[in-house]
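For reference, upload.txt (compact mmCIF, N, CA and C atoms):
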```txt
# COMPACT_ATOMS: atom_id res chain seq x y z
N MET A 1 39.62 23.67 -32.27
CA MET A 1 38.66 23.72 -33.35
C MET A 1 38.06 25.10 -33.46
N THR A 2 37.83 25.53 -34.64
CA THR A 2 37.15 26.82 -34.80
C THR A 2 35.92 26.65 -35.66
N LYS A 3 34.97 27.47 -35.42
CA LYS A 3 33.72 27.47 -36.18
C LYS A 3 33.38 28.92 -36.44
N ASP A 4 33.41 29.32 -37.71
CA ASP A 4 33.14 30.71 -38.10
C ASP A 4 34.06 31.68 -37.35
N ASN A 5 35.34 31.34 -37.28
CA ASN A 5 36.36 32.16 -36.63
C ASN A 5 36.13 32.37 -35.14
N GLU A 6 35.28 31.58 -34.52
CA GLU A 6 35.08 31.63 -33.08
C GLU A 6 35.48 30.29 -32.50
N LYS A 7 35.87 30.30 -31.26
CA LYS A 7 36.24 29.05 -30.62
C LYS A 7 35.00 28.17 -30.50
N TYR A 8 35.15 26.93 -30.93
CA TYR A 8 34.05 25.97 -30.85
C TYR A 8 34.25 25.12 -29.62
N TYR A 9 33.21 24.98 -28.81
CA TYR A 9 33.30 24.22 -27.58
C TYR A 9 32.03 23.41 -27.41
N GLU A 10 32.18 22.12 -27.18
CA GLU A 10 31.02 21.27 -27.02
C GLU A 10 30.63 21.17 -25.55
N THR A 11 29.39 21.44 -25.26
CA THR A 11 28.87 21.36 -23.91
C THR A 11 28.90 19.91 -23.43
N TYR A 12 29.29 19.73 -22.18
CA TYR A 12 29.24 18.40 -21.58
C TYR A 12 28.79 18.51 -20.13
N TYR A 13 28.46 17.37 -19.56
CA TYR A 13 27.92 17.30 -18.21
C TYR A 13 28.78 16.41 -17.35
N ILE A 14 28.90 16.74 -16.08
CA ILE A 14 29.59 15.92 -15.09
C ILE A 14 28.54 15.53 -14.05
N VAL A 15 28.31 14.23 -13.92
CA VAL A 15 27.36 13.70 -12.95
C VAL A 15 28.16 13.24 -11.75
N THR A 16 27.89 13.83 -10.58
CA THR A 16 28.59 13.45 -9.36
C THR A 16 27.65 12.60 -8.49
N PHE A 17 28.26 11.77 -7.68
CA PHE A 17 27.50 10.79 -6.90
C PHE A 17 27.81 10.88 -5.43
N GLN A 18 26.90 10.30 -4.63
CA GLN A 18 27.08 10.31 -3.19
C GLN A 18 28.20 9.37 -2.75
N ASN A 19 28.44 8.31 -3.54
CA ASN A 19 29.51 7.37 -3.21
C ASN A 19 29.93 6.61 -4.47
N THR A 20 31.03 5.89 -4.36
CA THR A 20 31.58 5.16 -5.49
C THR A 20 30.63 4.06 -5.98
N HIS A 21 29.94 3.41 -5.05
CA HIS A 21 28.99 2.35 -5.42
C HIS A 21 27.94 2.89 -6.40
N GLU A 22 27.39 4.05 -6.11
CA GLU A 22 26.37 4.64 -6.98
C GLU A 22 26.96 5.02 -8.34
N ALA A 23 28.20 5.51 -8.36
CA ALA A 23 28.85 5.87 -9.62
C ALA A 23 29.04 4.63 -10.49
N MET A 24 29.48 3.53 -9.88
CA MET A 24 29.70 2.29 -10.62
C MET A 24 28.37 1.70 -11.10
N LYS A 25 27.35 1.82 -10.29
CA LYS A 25 26.01 1.36 -10.68
C LYS A 25 25.53 2.15 -11.90
N ALA A 26 25.72 3.45 -11.88
CA ALA A 26 25.29 4.30 -13.00
C ALA A 26 26.06 3.93 -14.27
N GLU A 27 27.36 3.70 -14.14
CA GLU A 27 28.15 3.31 -15.31
C GLU A 27 27.66 1.98 -15.86
N ARG A 28 27.46 1.00 -14.99
CA ARG A 28 27.00 -0.33 -15.40
C ARG A 28 25.65 -0.25 -16.12
N GLU A 29 24.71 0.50 -15.55
CA GLU A 29 23.39 0.64 -16.17
C GLU A 29 23.46 1.38 -17.50
N ALA A 30 24.33 2.38 -17.59
CA ALA A 30 24.49 3.11 -18.84
C ALA A 30 25.01 2.19 -19.94
N ILE A 31 26.01 1.38 -19.61
CA ILE A 31 26.57 0.44 -20.59
C ILE A 31 25.51 -0.56 -21.02
N GLN A 32 24.74 -1.09 -20.07
CA GLN A 32 23.69 -2.06 -20.41
C GLN A 32 22.61 -1.45 -21.29
N ASN A 33 22.44 -0.14 -21.19
CA ASN A 33 21.43 0.56 -21.99
C ASN A 33 22.03 1.28 -23.19
N THR A 34 23.26 0.94 -23.52
CA THR A 34 24.01 1.53 -24.65
C THR A 34 24.01 3.06 -24.66
N ILE A 35 24.20 3.63 -23.48
CA ILE A 35 24.34 5.08 -23.34
C ILE A 35 25.82 5.36 -23.10
N LYS A 36 26.41 6.16 -23.96
CA LYS A 36 27.84 6.43 -23.86
C LYS A 36 28.13 7.40 -22.71
N VAL A 37 28.98 6.93 -21.80
CA VAL A 37 29.47 7.76 -20.69
C VAL A 37 30.96 7.48 -20.54
N VAL A 38 31.65 8.39 -19.87
CA VAL A 38 33.07 8.21 -19.58
C VAL A 38 33.25 8.42 -18.09
N VAL A 39 33.91 7.46 -17.44
CA VAL A 39 34.24 7.61 -16.02
C VAL A 39 35.44 8.54 -15.92
N VAL A 40 35.30 9.57 -15.10
CA VAL A 40 36.37 10.56 -14.92
C VAL A 40 36.55 10.84 -13.43
N PRO A 41 37.74 11.26 -13.03
CA PRO A 41 37.92 11.71 -11.65
C PRO A 41 37.04 12.94 -11.41
N THR A 42 36.43 13.01 -10.27
CA THR A 42 35.62 14.19 -9.95
C THR A 42 36.54 15.40 -9.80
N PRO A 43 36.32 16.43 -10.61
CA PRO A 43 37.16 17.63 -10.48
C PRO A 43 36.99 18.25 -9.09
N THR A 44 38.08 18.52 -8.41
CA THR A 44 37.99 19.07 -7.05
C THR A 44 37.43 20.48 -7.03
N TYR A 45 37.50 21.19 -8.17
CA TYR A 45 36.91 22.53 -8.19
C TYR A 45 35.39 22.48 -8.25
N ILE A 46 34.83 21.28 -8.51
CA ILE A 46 33.37 21.13 -8.52
C ILE A 46 32.88 20.72 -7.13
N THR A 47 33.44 19.63 -6.62
CA THR A 47 33.00 19.11 -5.32
C THR A 47 34.04 18.15 -4.78
N LYS A 48 34.00 17.94 -3.50
CA LYS A 48 34.92 17.00 -2.87
C LYS A 48 34.16 15.77 -2.39
N SER A 49 33.23 15.31 -3.21
CA SER A 49 32.45 14.13 -2.84
C SER A 49 33.15 12.89 -3.36
N CYS A 50 32.40 11.96 -3.84
CA CYS A 50 32.91 10.72 -4.41
C CYS A 50 34.01 11.03 -5.42
N GLY A 51 35.04 10.21 -5.46
CA GLY A 51 36.20 10.47 -6.31
C GLY A 51 36.00 10.25 -7.79
N ILE A 52 34.89 9.60 -8.18
CA ILE A 52 34.65 9.40 -9.61
C ILE A 52 33.29 9.94 -10.01
N SER A 53 33.22 10.39 -11.24
CA SER A 53 32.00 10.95 -11.81
C SER A 53 31.83 10.39 -13.21
N LEU A 54 30.71 10.71 -13.82
CA LEU A 54 30.48 10.36 -15.22
C LEU A 54 30.45 11.62 -16.05
N LYS A 55 31.17 11.59 -17.16
CA LYS A 55 31.12 12.69 -18.12
C LYS A 55 30.15 12.25 -19.22
N VAL A 56 29.20 13.12 -19.52
CA VAL A 56 28.13 12.79 -20.44
C VAL A 56 28.00 13.90 -21.47
N THR A 57 27.80 13.53 -22.72
CA THR A 57 27.61 14.52 -23.78
C THR A 57 26.20 15.10 -23.71
N GLN A 58 26.03 16.21 -24.36
CA GLN A 58 24.71 16.85 -24.42
C GLN A 58 23.70 15.91 -25.09
N GLU A 59 24.18 15.15 -26.04
CA GLU A 59 23.34 14.20 -26.78
C GLU A 59 22.76 13.12 -25.86
N ASN A 60 23.47 12.76 -24.79
CA ASN A 60 23.05 11.65 -23.93
C ASN A 60 22.52 12.05 -22.56
N ILE A 61 22.51 13.33 -22.23
CA ILE A 61 22.15 13.72 -20.86
C ILE A 61 20.71 13.36 -20.50
N GLN A 62 19.77 13.52 -21.40
CA GLN A 62 18.38 13.19 -21.06
C GLN A 62 18.22 11.69 -20.82
N SER A 63 18.93 10.87 -21.58
CA SER A 63 18.88 9.41 -21.38
C SER A 63 19.46 9.04 -20.02
N ILE A 64 20.53 9.71 -19.61
CA ILE A 64 21.14 9.44 -18.31
C ILE A 64 20.20 9.86 -17.19
N ILE A 65 19.55 10.99 -17.33
CA ILE A 65 18.61 11.46 -16.30
C ILE A 65 17.46 10.46 -16.15
N LYS A 66 16.93 9.98 -17.25
CA LYS A 66 15.87 8.96 -17.19
C LYS A 66 16.35 7.70 -16.51
N LEU A 67 17.56 7.28 -16.83
CA LEU A 67 18.15 6.09 -16.23
C LEU A 67 18.35 6.27 -14.73
N ILE A 68 18.86 7.42 -14.33
CA ILE A 68 19.07 7.72 -12.91
C ILE A 68 17.75 7.62 -12.15
N ASN A 69 16.70 8.17 -12.73
CA ASN A 69 15.39 8.14 -12.08
C ASN A 69 14.81 6.73 -12.05
N SER A 70 14.89 6.01 -13.15
CA SER A 70 14.27 4.68 -13.22
C SER A 70 15.01 3.65 -12.37
N GLU A 71 16.32 3.80 -12.20
CA GLU A 71 17.12 2.84 -11.43
C GLU A 71 17.39 3.32 -10.00
N ASN A 72 16.80 4.46 -9.63
CA ASN A 72 16.96 5.02 -8.28
C ASN A 72 18.43 5.17 -7.89
N ILE A 73 19.21 5.73 -8.80
CA ILE A 73 20.63 5.96 -8.55
C ILE A 73 20.78 7.28 -7.79
N LYS A 74 21.55 7.24 -6.71
CA LYS A 74 21.70 8.42 -5.86
C LYS A 74 22.79 9.35 -6.40
N VAL A 75 22.34 10.43 -7.01
CA VAL A 75 23.23 11.43 -7.60
C VAL A 75 23.37 12.58 -6.62
N LYS A 76 24.57 13.12 -6.53
CA LYS A 76 24.76 14.31 -5.70
C LYS A 76 24.32 15.55 -6.48
N GLU A 77 24.97 15.79 -7.64
CA GLU A 77 24.60 16.92 -8.50
C GLU A 77 25.03 16.62 -9.93
N ILE A 78 24.43 17.35 -10.86
CA ILE A 78 24.86 17.30 -12.25
C ILE A 78 25.30 18.72 -12.62
N PHE A 79 26.51 18.80 -13.18
CA PHE A 79 27.07 20.08 -13.58
C PHE A 79 27.12 20.16 -15.09
N VAL A 80 26.86 21.33 -15.63
CA VAL A 80 26.95 21.56 -17.07
C VAL A 80 28.11 22.51 -17.32
N ASN A 81 28.97 22.13 -18.26
CA ASN A 81 30.11 22.96 -18.65
C ASN A 81 29.88 23.37 -20.10
N ASP A 82 29.60 24.65 -20.30
CA ASP A 82 29.30 25.14 -21.65
C ASP A 82 30.49 25.86 -22.29
N GLY A 83 31.66 25.72 -21.67
CA GLY A 83 32.85 26.36 -22.20
C GLY A 83 33.11 27.73 -21.63
N GLU A 84 32.09 28.34 -21.06
CA GLU A 84 32.24 29.66 -20.45
C GLU A 84 32.11 29.60 -18.95
N SER A 85 31.29 28.67 -18.46
CA SER A 85 31.09 28.54 -17.03
C SER A 85 30.63 27.12 -16.70
N ILE A 86 30.71 26.80 -15.41
CA ILE A 86 30.22 25.52 -14.92
C ILE A 86 29.09 25.83 -13.95
N LYS A 87 27.94 25.23 -14.21
CA LYS A 87 26.76 25.50 -13.38
C LYS A 87 26.11 24.20 -12.97
N VAL A 88 25.42 24.25 -11.84
CA VAL A 88 24.62 23.10 -11.40
C VAL A 88 23.39 23.05 -12.26
N MET A 89 23.09 21.87 -12.78
CA MET A 89 21.92 21.68 -13.63
C MET A 89 20.73 21.32 -12.76
N THR A 90 19.60 21.92 -13.05
CA THR A 90 18.36 21.59 -12.35
C THR A 90 17.67 20.47 -13.12
N ILE A 91 17.36 19.38 -12.39
CA ILE A 91 16.67 18.26 -13.07
C ILE A 91 15.32 18.00 -12.44
```
In structure tokens, write the structure found in this file.
Amino acid sequence: MTKDNEKYYETYYIVTFQNTHEAMKAEREAIQNTIKVVVVPTPTYITKSCGISLKVTQENIQSIIKLINSENIKVKEIFVNDGESIKVMTI
């Protein structure tokens, strides 16, 4: 996709977890709260923790953070990919 002759890239977030149980809990709670997430394999270039993560759009990241806090879900880290770099997000 191009936008004004520049490459268009949508920012997304990868939420990593301490274990698979927490990842599945986060997915279940997101679905129950109608927050769109996608279960993805955890990229090994990010971390070698739990094998699954949640991919979240910029539109839904604040809702996921609130859910994580309210449901006491144990997250390892949240990474933001803006198309140029991948950084740990401070929450």
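Residue nearest Lys55 (chain A), chosen from A:Glu84, A:Glu71, A:Glu22, A:Glu27 and counting only C-alpha atoms: A:Glu27.
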> By how many Å are CA of Val88 (chain A) and CA of Tyr45 (chain A) apart?
Replying inline: 12.7 Å
> Got a sec to tell me which of chain A DSSP assigns to strand (DSSP E), as a ChimeraX atom specification?
Replying inline: /A:2-3,6-7,12-17,38-41,52-57,75-81,86-88
So that I have them on file, write out the residues from the current selection with N, CA and C atoms, as a CSV table (one decimal), keeping the file's coordinate frame.
```csv
chain,number,residue,atom,x,y,z
A,2,THR,N,37.8,25.5,-34.6
A,2,THR,CA,37.2,26.8,-34.8
A,2,THR,C,35.9,26.6,-35.7
A,3,LYS,N,35.0,27.5,-35.4
A,3,LYS,CA,33.7,27.5,-36.2
A,3,LYS,C,33.4,28.9,-36.4
A,6,GLU,N,35.3,31.6,-34.5
A,6,GLU,CA,35.1,31.6,-33.1
A,6,GLU,C,35.5,30.3,-32.5
A,7,LYS,N,35.9,30.3,-31.3
A,7,LYS,CA,36.2,29.0,-30.6
A,7,LYS,C,35.0,28.2,-30.5
A,12,TYR,N,29.3,19.7,-22.2
A,12,TYR,CA,29.2,18.4,-21.6
A,12,TYR,C,28.8,18.5,-20.1
A,13,TYR,N,28.5,17.4,-19.6
A,13,TYR,CA,27.9,17.3,-18.2
A,13,TYR,C,28.8,16.4,-17.4
A,14,ILE,N,28.9,16.7,-16.1
A,14,ILE,CA,29.6,15.9,-15.1
A,14,ILE,C,28.5,15.5,-14.0
A,15,VAL,N,28.3,14.2,-13.9
A,15,VAL,CA,27.4,13.7,-13.0
A,15,VAL,C,28.2,13.2,-11.8
A,16,THR,N,27.9,13.8,-10.6
A,16,THR,CA,28.6,13.4,-9.4
A,16,THR,C,27.6,12.6,-8.5
A,17,PHE,N,28.3,11.8,-7.7
A,17,PHE,CA,27.5,10.8,-6.9
A,17,PHE,C,27.8,10.9,-5.4
A,38,VAL,N,31.6,8.4,-19.9
A,38,VAL,CA,33.1,8.2,-19.6
A,38,VAL,C,33.2,8.4,-18.1
A,39,VAL,N,33.9,7.5,-17.4
A,39,VAL,CA,34.2,7.6,-16.0
A,39,VAL,C,35.4,8.5,-15.9
A,40,VAL,N,35.3,9.6,-15.1
A,40,VAL,CA,36.4,10.6,-14.9
A,40,VAL,C,36.6,10.8,-13.4
A,41,PRO,N,37.7,11.3,-13.0
A,41,PRO,CA,37.9,11.7,-11.6
A,41,PRO,C,37.0,12.9,-11.4
A,52,ILE,N,34.9,9.6,-8.2
A,52,ILE,CA,34.6,9.4,-9.6
A,52,ILE,C,33.3,9.9,-10.0
A,53,SER,N,33.2,10.4,-11.2
A,53,SER,CA,32.0,11.0,-11.8
A,53,SER,C,31.8,10.4,-13.2
A,54,LEU,N,30.7,10.7,-13.8
A,54,LEU,CA,30.5,10.4,-15.2
A,54,LEU,C,30.4,11.6,-16.0
A,55,LYS,N,31.2,11.6,-17.2
A,55,LYS,CA,31.1,12.7,-18.1
A,55,LYS,C,30.2,12.2,-19.2
A,56,VAL,N,29.2,13.1,-19.5
A,56,VAL,CA,28.1,12.8,-20.4
A,56,VAL,C,28.0,13.9,-21.5
A,57,THR,N,27.8,13.5,-22.7
A,57,THR,CA,27.6,14.5,-23.8
A,57,THR,C,26.2,15.1,-23.7
A,75,VAL,N,22.3,10.4,-7.0
A,75,VAL,CA,23.2,11.4,-7.6
A,75,VAL,C,23.4,12.6,-6.6
A,76,LYS,N,24.6,13.1,-6.5
A,76,LYS,CA,24.8,14.3,-5.7
A,76,LYS,C,24.3,15.6,-6.5
A,77,GLU,N,25.0,15.8,-7.6
A,77,GLU,CA,24.6,16.9,-8.5
A,77,GLU,C,25.0,16.6,-9.9
A,78,ILE,N,24.4,17.4,-10.9
A,78,ILE,CA,24.9,17.3,-12.2
A,78,ILE,C,25.3,18.7,-12.6
A,79,PHE,N,26.5,18.8,-13.2
A,79,PHE,CA,27.1,20.1,-13.6
A,79,PHE,C,27.1,20.2,-15.1
A,80,VAL,N,26.9,21.3,-15.6
A,80,VAL,CA,27.0,21.6,-17.1
A,80,VAL,C,28.1,22.5,-17.3
A,81,ASN,N,29.0,22.1,-18.3
A,81,ASN,CA,30.1,23.0,-18.6
A,81,ASN,C,29.9,23.4,-20.1
A,86,ILE,N,30.7,26.8,-15.4
A,86,ILE,CA,30.2,25.5,-14.9
A,86,ILE,C,29.1,25.8,-14.0
A,87,LYS,N,27.9,25.2,-14.2
A,87,LYS,CA,26.8,25.5,-13.4
A,87,LYS,C,26.1,24.2,-13.0
A,88,VAL,N,25.4,24.2,-11.8
A,88,VAL,CA,24.6,23.1,-11.4
A,88,VAL,C,23.4,23.0,-12.3
```
According to DSSP computed on the backbone, where in region 37-70 of chain A is there helix (DSSP H, G or I)? Give the residues as a compact mmCIF listing (two decimals) with N, CA and C atoms, in the frame of the given file.
```txt
# COMPACT_ATOMS: atom_id res chain seq x y z
N ILE A 61 22.51 13.33 -22.23
CA ILE A 61 22.15 13.72 -20.86
C ILE A 61 20.71 13.36 -20.50
N GLN A 62 19.77 13.52 -21.40
CA GLN A 62 18.38 13.19 -21.06
C GLN A 62 18.22 11.69 -20.82
N SER A 63 18.93 10.87 -21.58
CA SER A 63 18.88 9.41 -21.38
C SER A 63 19.46 9.04 -20.02
N ILE A 64 20.53 9.71 -19.61
CA ILE A 64 21.14 9.44 -18.31
C ILE A 64 20.20 9.86 -17.19
N ILE A 65 19.55 10.99 -17.33
CA ILE A 65 18.61 11.46 -16.30
C ILE A 65 17.46 10.46 -16.15
N LYS A 66 16.93 9.98 -17.25
CA LYS A 66 15.87 8.96 -17.19
C LYS A 66 16.35 7.70 -16.51
N LEU A 67 17.56 7.28 -16.83
CA LEU A 67 18.15 6.09 -16.23
C LEU A 67 18.35 6.27 -14.73
N ILE A 68 18.86 7.42 -14.33
CA ILE A 68 19.07 7.72 -12.91
C ILE A 68 17.75 7.62 -12.15
N ASN A 69 16.70 8.17 -12.73
CA ASN A 69 15.39 8.14 -12.08
C ASN A 69 14.81 6.73 -12.05
N SER A 70 14.89 6.01 -13.15
CA SER A 70 14.27 4.68 -13.22
C SER A 70 15.01 3.65 -12.37
```
> Using only C-alpha atoms, which of the listed residues (A:Ala30, A:Ile73, A:Ile65, A:Ala23) sits closest to Gly51 (chain A)?
Replying inline: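 Of all the options, A:Ala23 lies closest to Gly51 (chain A).
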> Neighbours of Ile68 (chain A) within 9 Å (only C-alpha atoms; same-chain residues fewer than 6 positions away dropped), as a PyMOL selection string?
Replying inline: chain A and resi 26+29+74-75
> Do you know which residues are at most 7 Å from Val38 (chain A) counting only N, CA and C atoms, after dropping those on the same chain fewer than 2 positions away, and could you put them as a list in words?
Replying inline: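 Contacts, in chain order: Lys36, Val40, Ser53, Leu54, Lys55 and Val56 of chain A.
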>> Would you pick out the contacts of Asn81 (chain A) at 5 Å or less, using only N, CA and C atoms, so that residues sharing its chain but fewer than 4 positions from it are not included, and give the list as a list of chain:residue names?
In response: A:Thr11, A:Tyr12, A:Tyr13, A:Ser85, A:Ile86
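Going from atom C of Asn19 (chain A) to atom N of Lys76 (chain A) covers 8.7 Å.
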Once 4 Å is added on each side, what are the centre and the three edge lengths, in Å to one decimal, of the axis-aligned box enclosing the listed atoms of region 48-61 of chain A? Present them as lines of an AutoDock Vina configuration file.
```
center_x = 28.5
center_y = 13.7
center_z = -14.6
size_x = 23.5
size_y = 16.5
size_z = 32.4
```
>> So the first atom is atom C of Ile78 (chain A) and the second is CA of Glu59 (chain A); what is the distance between them in Å, to one decimal place?
In response: 15.0 Å
